[in-house]
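A.B. asks: File final_11.pdb follows (PDB, C-alpha atoms):
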```pdb
ATOM      1  CA  MET A   1      55.799  26.081  17.958
ATOM      2  CA  ASN A   2      57.601  26.603  14.700
ATOM      3  CA  PRO A   3      58.655  30.286  14.483
ATOM      4  CA  GLU A   4      58.905  30.082  10.680
ATOM      5  CA  LEU A   5      55.093  30.004  10.441
ATOM      6  CA  THR A   6      55.102  33.798  10.501
ATOM      7  CA  GLU A   7      56.759  33.875   7.081
ATOM      8  CA  ARG A   8      54.428  31.380   5.465
ATOM      9  CA  ALA A   9      51.916  32.275   2.754
ATOM     10  CA  PHE A  10      48.524  30.564   3.068
ATOM     11  CA  ALA A  11      46.088  30.097   0.200
ATOM     12  CA  PRO A  12      42.804  32.028   0.405
ATOM     13  CA  THR A  13      39.874  29.907   1.608
ATOM     14  CA  ALA A  14      37.019  28.913  -0.697
ATOM     15  CA  PRO A  15      34.405  31.715  -0.812
ATOM     16  CA  TYR A  16      31.868  31.594   2.054
ATOM     17  CA  LEU A  17      28.377  32.698   1.045
ATOM     18  CA  VAL A  18      26.645  34.405   3.975
ATOM     19  CA  GLY A  19      23.064  33.139   4.042
ATOM     20  CA  ARG A  20      20.100  34.974   5.554
ATOM     21  CA  GLU A  21      18.990  31.963   7.590
ATOM     22  CA  LYS A  22      22.561  31.405   8.818
ATOM     23  CA  VAL A  23      22.685  34.997  10.036
ATOM     24  CA  ARG A  24      19.380  34.478  11.845
ATOM     25  CA  GLU A  25      20.514  31.167  13.344
ATOM     26  CA  PHE A  26      23.788  32.672  14.534
ATOM     27  CA  ALA A  27      21.998  35.744  15.902
ATOM     28  CA  ARG A  28      19.670  33.502  17.945
ATOM     29  CA  ALA A  29      22.701  31.639  19.332
ATOM     30  CA  VAL A  30      24.304  34.850  20.662
ATOM     31  CA  LEU A  31      20.960  36.211  21.929
ATOM     32  CA  ALA A  32      20.963  38.947  19.289
ATOM     33  CA  THR A  33      17.348  40.015  19.036
ATOM     34  CA  ALA A  34      17.728  43.353  17.190
ATOM     35  CA  PRO A  35      15.545  43.490  14.044
ATOM     36  CA  LEU A  36      18.611  44.292  11.883
ATOM     37  CA  HIS A  37      19.750  40.674  12.339
ATOM     38  CA  HIS A  38      16.426  39.089  11.496
ATOM     39  CA  ASP A  39      14.218  41.323   9.379
ATOM     40  CA  PRO A  40      15.403  42.264   5.854
ATOM     41  CA  GLU A  41      12.973  45.212   5.786
ATOM     42  CA  ALA A  42      14.412  46.648   9.008
ATOM     43  CA  ALA A  43      17.911  46.141   7.598
ATOM     44  CA  ARG A  44      17.017  47.901   4.330
ATOM     45  CA  ALA A  45      15.422  50.784   6.224
ATOM     46  CA  ALA A  46      18.785  51.246   7.978
ATOM     47  CA  GLY A  47      20.589  51.256   4.630
ATOM     48  CA  PHE A  48      21.782  47.635   4.420
ATOM     49  CA  ALA A  49      21.171  45.286   1.508
ATOM     50  CA  ASP A  50      19.957  42.461   3.775
ATOM     51  CA  VAL A  51      20.089  41.230   7.382
ATOM     52  CA  VAL A  52      23.277  42.236   9.232
ATOM     53  CA  ALA A  53      25.494  39.579  10.809
ATOM     54  CA  PRO A  54      26.332  39.926  14.529
ATOM     55  CA  PRO A  55      29.849  41.338  15.154
ATOM     56  CA  ILE A  56      31.428  37.988  16.019
ATOM     57  CA  PHE A  57      29.983  36.168  12.975
ATOM     58  CA  PRO A  58      33.366  36.116  11.133
ATOM     59  CA  ILE A  59      34.529  33.499  13.646
ATOM     60  CA  VAL A  60      32.480  31.012  11.589
ATOM     61  CA  ILE A  61      34.595  31.828   8.544
ATOM     62  CA  ALA A  62      37.859  32.085  10.501
ATOM     63  CA  GLU A  63      37.332  28.450  11.510
ATOM     64  CA  ALA A  64      38.489  27.427   8.010
ATOM     65  CA  THR A  65      41.745  29.334   8.417
ATOM     66  CA  LEU A  66      42.294  27.855  11.872
ATOM     67  CA  GLN A  67      42.061  24.415  10.289
ATOM     68  CA  GLN A  68      44.708  25.496   7.752
ATOM     69  CA  LEU A  69      47.007  26.483  10.602
ATOM     70  CA  LEU A  70      46.455  23.268  12.576
ATOM     71  CA  ALA A  71      46.963  21.202   9.425
ATOM     72  CA  GLU A  72      50.478  22.519   8.810
ATOM     73  CA  PRO A  73      52.535  19.374   9.433
ATOM     74  CA  ASP A  74      55.330  21.300  11.146
ATOM     75  CA  ALA A  75      53.159  23.721  13.156
ATOM     76  CA  GLY A  76      53.591  21.775  16.389
ATOM     77  CA  ILE A  77      50.152  22.704  17.720
ATOM     78  CA  ASP A  78      48.372  20.138  19.899
ATOM     79  CA  PHE A  79      44.746  21.291  19.727
ATOM     80  CA  SER A  80      43.828  19.663  23.054
ATOM     81  CA  ARG A  81      46.207  22.164  24.702
ATOM     82  CA  VAL A  82      44.857  25.226  22.904
ATOM     83  CA  VAL A  83      43.028  27.960  24.826
ATOM     84  CA  HIS A  84      41.504  31.051  23.181
ATOM     85  CA  GLY A  85      43.388  34.004  24.676
ATOM     86  CA  GLU A  86      42.244  37.075  22.766
ATOM     87  CA  GLN A  87      39.940  37.917  19.889
ATOM     88  CA  ARG A  88      39.376  41.036  17.828
ATOM     89  CA  PHE A  89      37.307  41.931  14.774
ATOM     90  CA  THR A  90      38.208  45.064  12.819
ATOM     91  CA  TYR A  91      35.658  46.020  10.180
ATOM     92  CA  SER A  92      35.618  48.164   7.043
ATOM     93  CA  ARG A  93      31.862  47.598   6.747
ATOM     94  CA  PRO A  94      29.252  45.297   8.313
ATOM     95  CA  ILE A  95      28.677  41.800   6.902
ATOM     96  CA  VAL A  96      25.238  41.319   5.362
ATOM     97  CA  ALA A  97      23.456  38.268   3.962
ATOM     98  CA  GLY A  98      24.493  37.757   0.351
ATOM     99  CA  ASP A  99      28.151  38.590   0.959
ATOM    100  CA  GLU A 100      30.644  36.137  -0.449
ATOM    101  CA  LEU A 101      33.722  36.260   1.759
ATOM    102  CA  THR A 102      37.188  34.868   1.194
ATOM    103  CA  ALA A 103      39.639  34.666   4.096
ATOM    104  CA  THR A 104      43.402  34.768   3.914
ATOM    105  CA  LEU A 105      45.433  33.676   6.927
ATOM    106  CA  ARG A 106      48.639  35.251   8.145
ATOM    107  CA  VAL A 107      50.479  34.310  11.326
ATOM    108  CA  THR A 108      51.646  37.599  12.798
ATOM    109  CA  SER A 109      53.453  36.610  15.965
ATOM    110  CA  ILE A 110      54.628  33.627  17.958
ATOM    111  CA  LYS A 111      55.836  34.110  21.517
ATOM    112  CA  THR A 112      56.899  31.715  24.218
ATOM    113  CA  LEU A 113      56.217  32.671  27.799
ATOM    114  CA  GLY A 114      56.879  30.437  30.788
ATOM    115  CA  GLY A 115      56.457  27.179  28.870
ATOM    116  CA  ASN A 116      53.329  28.357  27.026
ATOM    117  CA  SER A 117      53.271  29.488  23.416
ATOM    118  CA  MET A 118      51.108  32.313  22.128
ATOM    119  CA  VAL A 119      50.312  32.436  18.457
ATOM    120  CA  THR A 120      48.547  35.436  16.959
ATOM    121  CA  SER A 121      47.042  35.145  13.513
ATOM    122  CA  GLU A 122      44.920  37.344  11.273
ATOM    123  CA  SER A 123      42.249  36.253   8.815
ATOM    124  CA  ALA A 124      41.606  39.091   6.405
ATOM    125  CA  MET A 125      38.207  38.709   4.701
ATOM    126  CA  THR A 126      37.349  40.291   1.385
ATOM    127  CA  ASP A 127      34.099  40.365  -0.573
ATOM    128  CA  ALA A 128      33.435  39.195  -4.137
ATOM    129  CA  ALA A 129      34.715  42.547  -5.446
ATOM    130  CA  GLY A 130      37.981  42.051  -3.556
ATOM    131  CA  GLU A 131      37.220  44.822  -1.057
ATOM    132  CA  HIS A 132      38.204  44.378   2.583
ATOM    133  CA  VAL A 133      35.264  43.667   4.907
ATOM    134  CA  VAL A 134      36.734  42.495   8.206
ATOM    135  CA  THR A 135      39.879  41.117   9.761
ATOM    136  CA  SER A 136      39.587  38.559  12.540
ATOM    137  CA  ILE A 137      42.601  38.548  14.869
ATOM    138  CA  SER A 138      42.988  35.604  17.241
ATOM    139  CA  THR A 139      45.548  34.847  19.891
ATOM    140  CA  LEU A 140      45.716  31.212  20.879
ATOM    141  CA  VAL A 141      47.594  30.048  23.956
ATOM    142  CA  ILE A 142      49.133  26.605  23.678
ATOM    143  CA  ARG A 143      49.754  25.310  27.159
ATOM    144  CA  GLY A 144      53.138  23.712  27.750
ATOM    145  CA  ASP A 145      53.647  20.219  29.172
ATOM    146  CA  ASP A 146      53.684  21.426  32.771
ATOM    147  CA  ALA A 147      50.898  23.992  32.512
TER     148      ALA A 147
ATOM    149  CA  MET B   1      19.205  62.214  16.765
ATOM    150  CA  SER B   2      22.794  61.098  16.316
ATOM    151  CA  LEU B   3      24.044  58.279  18.465
ATOM    152  CA  LEU B   4      26.761  60.486  19.932
ATOM    153  CA  ASP B   5      24.611  63.508  20.864
ATOM    154  CA  GLY B   6      24.819  64.232  24.572
ATOM    155  CA  LEU B   7      27.051  61.237  25.221
ATOM    156  CA  GLU B   8      29.661  61.679  27.958
ATOM    157  CA  ILE B   9      32.707  59.710  28.959
ATOM    158  CA  GLY B  10      31.912  57.548  31.957
ATOM    159  CA  GLN B  11      28.235  57.307  31.064
ATOM    160  CA  VAL B  12      26.702  53.835  31.356
ATOM    161  CA  VAL B  13      24.719  53.212  28.170
ATOM    162  CA  ALA B  14      23.511  49.703  28.937
ATOM    163  CA  GLU B  15      23.367  47.160  31.740
ATOM    164  CA  ARG B  16      22.003  43.650  31.538
ATOM    165  CA  THR B  17      22.138  40.251  33.186
ATOM    166  CA  VAL B  18      22.058  37.310  30.800
ATOM    167  CA  HIS B  19      21.246  33.761  31.826
ATOM    168  CA  LEU B  20      23.146  31.017  29.994
ATOM    169  CA  THR B  21      22.169  27.375  30.203
ATOM    170  CA  ARG B  22      23.586  24.171  28.752
ATOM    171  CA  ASP B  23      21.007  24.627  25.983
ATOM    172  CA  SER B  24      22.650  27.961  25.124
ATOM    173  CA  LEU B  25      25.992  26.172  24.748
ATOM    174  CA  VAL B  26      24.589  23.471  22.484
ATOM    175  CA  ARG B  27      22.844  26.077  20.358
ATOM    176  CA  TYR B  28      26.060  28.103  20.012
ATOM    177  CA  ALA B  29      28.044  24.946  19.192
ATOM    178  CA  GLY B  30      25.642  24.172  16.368
ATOM    179  CA  ALA B  31      25.510  27.703  14.992
ATOM    180  CA  SER B  32      29.260  28.309  15.161
ATOM    181  CA  GLY B  33      30.593  24.849  14.333
ATOM    182  CA  ASP B  34      32.702  24.776  17.518
ATOM    183  CA  PHE B  35      31.992  21.274  18.798
ATOM    184  CA  ASN B  36      34.768  21.070  21.392
ATOM    185  CA  ALA B  37      33.266  18.624  23.926
ATOM    186  CA  ILE B  38      34.356  20.679  26.960
ATOM    187  CA  HIS B  39      31.343  22.848  26.151
ATOM    188  CA  TYR B  40      28.736  20.118  26.605
ATOM    189  CA  ARG B  41      30.238  17.004  28.269
ATOM    190  CA  ASP B  42      30.982  16.947  31.995
ATOM    191  CA  ASP B  43      33.152  13.848  31.708
ATOM    192  CA  VAL B  44      35.403  15.407  29.053
ATOM    193  CA  ALA B  45      35.639  18.678  30.999
ATOM    194  CA  ALA B  46      36.678  16.750  34.120
ATOM    195  CA  GLN B  47      39.204  14.699  32.136
ATOM    196  CA  VAL B  48      41.117  17.802  31.077
ATOM    197  CA  GLY B  49      41.045  19.234  34.587
ATOM    198  CA  LEU B  50      38.303  21.850  34.224
ATOM    199  CA  PRO B  51      35.938  22.723  37.082
ATOM    200  CA  GLY B  52      32.957  21.944  34.832
ATOM    201  CA  VAL B  53      31.476  22.469  31.390
ATOM    202  CA  LEU B  54      32.509  25.917  30.146
ATOM    203  CA  ALA B  55      30.727  28.423  27.949
ATOM    204  CA  HIS B  56      32.548  29.024  24.663
ATOM    205  CA  GLY B  57      34.648  32.167  25.054
ATOM    206  CA  MET B  58      33.128  33.344  21.782
ATOM    207  CA  LEU B  59      29.613  32.888  23.161
ATOM    208  CA  THR B  60      30.503  35.145  26.087
ATOM    209  CA  MET B  61      32.015  37.641  23.631
ATOM    210  CA  GLY B  62      28.955  37.475  21.391
ATOM    211  CA  VAL B  63      26.435  37.884  24.190
ATOM    212  CA  ALA B  64      28.386  40.661  25.922
ATOM    213  CA  VAL B  65      28.159  43.061  22.969
ATOM    214  CA  GLN B  66      24.406  42.672  22.577
ATOM    215  CA  PRO B  67      23.333  45.411  25.022
ATOM    216  CA  VAL B  68      25.527  47.840  23.044
ATOM    217  CA  ILE B  69      23.898  46.854  19.764
ATOM    218  CA  ASP B  70      20.442  47.305  21.257
ATOM    219  CA  TRP B  71      21.467  50.723  22.580
ATOM    220  CA  ALA B  72      22.897  51.789  19.205
ATOM    221  CA  ASP B  73      19.815  50.414  17.423
ATOM    222  CA  ALA B  74      19.902  51.541  13.776
ATOM    223  CA  ARG B  75      21.989  54.625  14.634
ATOM    224  CA  GLY B  76      25.384  52.921  14.652
ATOM    225  CA  TRP B  77      27.286  49.755  13.817
ATOM    226  CA  VAL B  78      30.099  47.862  15.527
ATOM    227  CA  SER B  79      33.255  48.683  13.566
ATOM    228  CA  ASP B  80      35.712  47.097  15.997
ATOM    229  CA  TYR B  81      35.366  44.707  18.916
ATOM    230  CA  GLN B  82      38.063  43.081  21.000
ATOM    231  CA  VAL B  83      38.300  41.056  24.209
ATOM    232  CA  ARG B  84      40.725  39.029  26.278
ATOM    233  CA  PHE B  85      39.404  35.832  27.790
ATOM    234  CA  THR B  86      40.591  36.045  31.377
ATOM    235  CA  ARG B  87      38.396  33.591  33.351
ATOM    236  CA  PRO B  88      36.204  30.664  32.367
ATOM    237  CA  VAL B  89      32.423  30.714  32.729
ATOM    238  CA  VAL B  90      31.324  27.415  34.288
ATOM    239  CA  VAL B  91      27.752  26.558  33.297
ATOM    240  CA  ASP B  92      26.005  24.392  35.891
ATOM    241  CA  PRO B  93      23.708  21.746  34.323
ATOM    242  CA  GLN B  94      20.768  22.826  36.500
ATOM    243  CA  GLN B  95      21.491  26.405  37.589
ATOM    244  CA  GLY B  96      23.122  27.657  34.394
ATOM    245  CA  ALA B  97      25.255  30.787  34.707
ATOM    246  CA  ASP B  98      24.434  34.481  34.982
ATOM    247  CA  LEU B  99      26.611  37.024  33.188
ATOM    248  CA  THR B 100      26.314  40.651  34.196
ATOM    249  CA  ILE B 101      27.250  43.158  31.518
ATOM    250  CA  THR B 102      27.879  46.885  31.981
ATOM    251  CA  ALA B 103      28.665  49.081  28.956
ATOM    252  CA  THR B 104      30.386  52.412  29.651
ATOM    253  CA  VAL B 105      31.480  55.208  27.305
ATOM    254  CA  ALA B 106      35.299  55.296  27.359
ATOM    255  CA  ALA B 107      36.238  57.585  24.451
ATOM    256  CA  LEU B 108      34.549  59.724  21.811
ATOM    257  CA  ASP B 109      35.566  61.159  18.469
ATOM    258  CA  ASP B 110      33.733  62.642  15.475
ATOM    259  CA  ASP B 111      31.833  59.571  14.375
ATOM    260  CA  THR B 112      32.767  56.797  16.805
ATOM    261  CA  ALA B 113      32.243  55.971  20.464
ATOM    262  CA  ARG B 114      34.448  53.488  22.269
ATOM    263  CA  ILE B 115      32.332  51.552  24.729
ATOM    264  CA  ASP B 116      34.088  49.428  27.338
ATOM    265  CA  LEU B 117      32.377  46.335  28.689
ATOM    266  CA  THR B 118      32.602  44.937  32.182
ATOM    267  CA  VAL B 119      31.418  41.342  32.176
ATOM    268  CA  THR B 120      31.206  39.439  35.423
ATOM    269  CA  PHE B 121      30.293  35.907  36.407
ATOM    270  CA  ALA B 122      30.083  34.898  40.100
ATOM    271  CA  ASP B 123      31.387  38.361  41.057
ATOM    272  CA  GLN B 124      34.576  38.076  38.983
ATOM    273  CA  THR B 125      35.315  39.647  35.614
ATOM    274  CA  VAL B 126      35.627  37.112  32.798
ATOM    275  CA  LEU B 127      36.696  39.414  29.956
ATOM    276  CA  GLY B 128      39.600  41.850  29.930
ATOM    277  CA  LYS B 129      40.165  44.823  27.647
ATOM    278  CA  ALA B 130      36.632  44.353  26.271
ATOM    279  CA  GLN B 131      36.277  47.316  23.918
ATOM    280  CA  VAL B 132      33.602  48.002  21.329
ATOM    281  CA  ARG B 133      33.853  50.775  18.760
ATOM    282  CA  VAL B 134      30.456  51.934  17.540
ATOM    283  CA  THR B 135      30.478  54.093  14.421
ATOM    284  CA  THR B 136      27.494  56.253  13.549
ATOM    285  CA  LEU B 137      25.428  55.374  10.510
ATOM    286  CA  ALA B 138      25.090  58.310   8.154
TER     287      ALA B 138
END
```
In structure tokens, write the structure found in this file.

C.D. replies:
Amino acid sequence: MNPELTERAFAPTAPYLVGREKVREFARAVLATAPLHHDPEAARAAGFADVVAPPIFPIVIAEATLQQLLAEPDAGIDFSRVVHGEQRFTYSRPIVAGDELTATLRVTSIKTLGGNSMVTSESAMTDAAGEHVVTSISTLVIRGDDA
Amino acid sequence: MSLLDGLEIGQVVAERTVHLTRDSLVRYAGASGDFNAIHYRDDVAAQVGLPGVLAHGMLTMGVAVQPVIDWADARGWVSDYQVRFTRPVVVDPQQGADLTITATVAALDDDTARIDLTVTFADQTVLGKAQVRVTTLA
């Protein structure tokens, strides 16, 4: 792992438009049956503009920032050795269909422990007005040669 | 009635057993865009030394929070959710895998409850530090 990645500035991703059918499809995949995820009327009755995305939905958008990280020529990350160690989503407000989200990656820490590397990165997602919606924080473990 | 009324620390707000199958994994792969073959190909899983095809960690994370969302209904929303992936969930091609989820109140403040999840597969926990913050909807 290249420790200098923590100082690098990454370009914001292209805006991701959250679609109603995508929210429904994703909700079905995580067995989310609550009406808020599927029925716009139920969502509006609860005060939301449209169907609400399940809490882990931002992982779909964070995928684009992960690709940015892996694509850094000097990152030294072999994806076949990567294991997902930890994940967190910290919200300012729920994601609803119609949101247009832009993610900006920041590598916050790189540690080496017993031959393995642990890289923690944050993808901060903002809406079309530039307001913060959610930050996805991932820790990836890159297994060493002997692990 | 507010979500937090009458809630006490240590109270179990939801319990559920969820059955995952290989179909669940394929569906999650398609919906999420995570097409790592260890989640649907036995030969690839064996090649990299795994005991079998594994559920995506994110699928486990996504499914585990669902009982909390159903409990909160339209009275609250998930403002923070974190987990550590501590053990893999091996999904047998014929038997699938059963995840047992228990959601317990761990902390309370004015407008938010912290709910801790215990998620087990084959009698072992598969998530660590699985914490959900549910904030009341005004």

A.B. asks: List the residues selected by the PyMOL selection byres ((chain B) within 8 of (chain A)) in the file shown, writing them as an NGL selection string.

C.D. replies: :B and (24 or 27-28 or 31-33 or 57-59 or 61-63 or 66 or 69-70 or 73-74 or 77-86)

A.B. asks: For Ile38 in chain B, list every protein, DNA or RNA residue within 9 Å, evaluated using all atoms listed in the file, and leave out those in the same chain fewer than 5 positions away; present the list as a PyMOL selection string.

C.D. replies: chain B and resi 43-46+48+50+52-56

A.B. asks: When the PyMOL selection byres ((chain B and resi 96) around 7) is applied to the file above, which residues end up in the set, as a list in words?

C.D. replies: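 Listing what the PyMOL selection byres ((chain B and resi 96) around 7) selects in the shown file: His19, Leu20, Thr21, Arg22, Val91, Asp92, Pro93, Gln94, Gln95, Ala97 and Asp98 of chain B.
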
A.B. asks: Rank A:Gly114, A:Ile95, A:Leu101, A:Arg106 by their smallest atom-to-atom distance to Phe48 in chain A, using all atoms listed in the file, and report the top residue only.

C.D. replies: A:Ile95

A.B. asks: Out of B:Asp34, B:Asp42, B:Asp111, B:Asp116, which residue has the shortest atom-to-atom distance to Ala14 in chain B when counting all atoms listed in the file?

C.D. replies: B:Asp116

A.B. asks: Enter the distance from CA of Arg87 in chain B to CA of Phe121 in chain B, in Å, rounded to one decimal.

C.D. replies: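 Between CA of Arg87 in chain B and CA of Phe121 in chain B the gap works out to 9.0 Å.
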
A.B. asks: Between CA of Phe10 in chain A and CA of Ser117 in chain A, what is the distance in Å, rounded to a tenth?

C.D. replies: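 Interatomic distance here is 20.9 Å.
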
A.B. asks: Between CA of Ala64 in chain B and CA of Leu113 in chain A, what is the spacing in Å?

C.D. replies: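 The value is 29.0 Å.
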
A.B. asks: Please produce range 21-43 of chain A, completed to N, CA and C atoms, as a short mmCIF file (atom, residue, chain, number, x, y, z; two decimals), in the frame of the given file.

C.D. replies:
```cif
data_model
loop_
_atom_site.label_atom_id
_atom_site.label_comp_id
_atom_site.auth_asym_id
_atom_site.auth_seq_id
_atom_site.Cartn_x
_atom_site.Cartn_y
_atom_site.Cartn_z
N GLU A 21 19.39 32.84 6.48
CA GLU A 21 18.99 31.96 7.59
C GLU A 21 20.16 31.67 8.52
N LYS A 22 21.38 31.62 7.96
CA LYS A 22 22.56 31.40 8.82
C LYS A 22 22.76 32.59 9.74
N VAL A 23 22.57 33.79 9.20
CA VAL A 23 22.68 35.00 10.04
C VAL A 23 21.65 34.95 11.16
N ARG A 24 20.44 34.55 10.81
CA ARG A 24 19.38 34.48 11.84
C ARG A 24 19.71 33.42 12.89
N GLU A 25 20.18 32.26 12.43
CA GLU A 25 20.51 31.17 13.34
C GLU A 25 21.63 31.60 14.29
N PHE A 26 22.65 32.23 13.72
CA PHE A 26 23.79 32.67 14.53
C PHE A 26 23.35 33.77 15.51
N ALA A 27 22.51 34.67 15.04
CA ALA A 27 22.00 35.74 15.90
C ALA A 27 21.24 35.15 17.09
N ARG A 28 20.41 34.14 16.83
CA ARG A 28 19.67 33.50 17.94
C ARG A 28 20.65 32.91 18.95
N ALA A 29 21.75 32.32 18.45
CA ALA A 29 22.70 31.64 19.33
C ALA A 29 23.44 32.62 20.25
N VAL A 30 23.63 33.86 19.80
CA VAL A 30 24.30 34.85 20.66
C VAL A 30 23.30 35.84 21.27
N LEU A 31 22.03 35.43 21.29
CA LEU A 31 20.96 36.21 21.93
C LEU A 31 20.83 37.60 21.32
N ALA A 32 21.06 37.68 20.02
CA ALA A 32 20.96 38.95 19.29
C ALA A 32 19.55 39.07 18.74
N THR A 33 18.77 39.92 19.39
CA THR A 33 17.35 40.02 19.04
C THR A 33 17.02 41.24 18.18
N ALA A 34 18.00 42.12 17.94
CA ALA A 34 17.73 43.35 17.19
C ALA A 34 17.18 43.01 15.81
N PRO A 35 16.17 43.77 15.35
CA PRO A 35 15.54 43.49 14.04
C PRO A 35 16.54 43.47 12.88
N LEU A 36 17.62 44.25 12.97
CA LEU A 36 18.61 44.29 11.88
C LEU A 36 19.17 42.91 11.55
N HIS A 37 19.20 42.01 12.55
CA HIS A 37 19.75 40.67 12.34
C HIS A 37 18.73 39.70 11.75
N HIS A 38 17.46 40.06 11.83
CA HIS A 38 16.43 39.09 11.50
C HIS A 38 15.49 39.53 10.37
N ASP A 39 15.27 40.82 10.26
CA ASP A 39 14.22 41.32 9.38
C ASP A 39 14.84 42.11 8.22
N PRO A 40 14.78 41.57 7.00
CA PRO A 40 15.40 42.26 5.85
C PRO A 40 14.85 43.67 5.65
N GLU A 41 13.56 43.88 5.96
CA GLU A 41 12.97 45.21 5.79
C GLU A 41 13.60 46.21 6.76
N ALA A 42 13.77 45.77 8.01
CA ALA A 42 14.41 46.65 9.01
C ALA A 42 15.85 46.95 8.58
N ALA A 43 16.52 45.94 8.04
CA ALA A 43 17.91 46.14 7.60
C ALA A 43 17.96 47.14 6.43
#
```
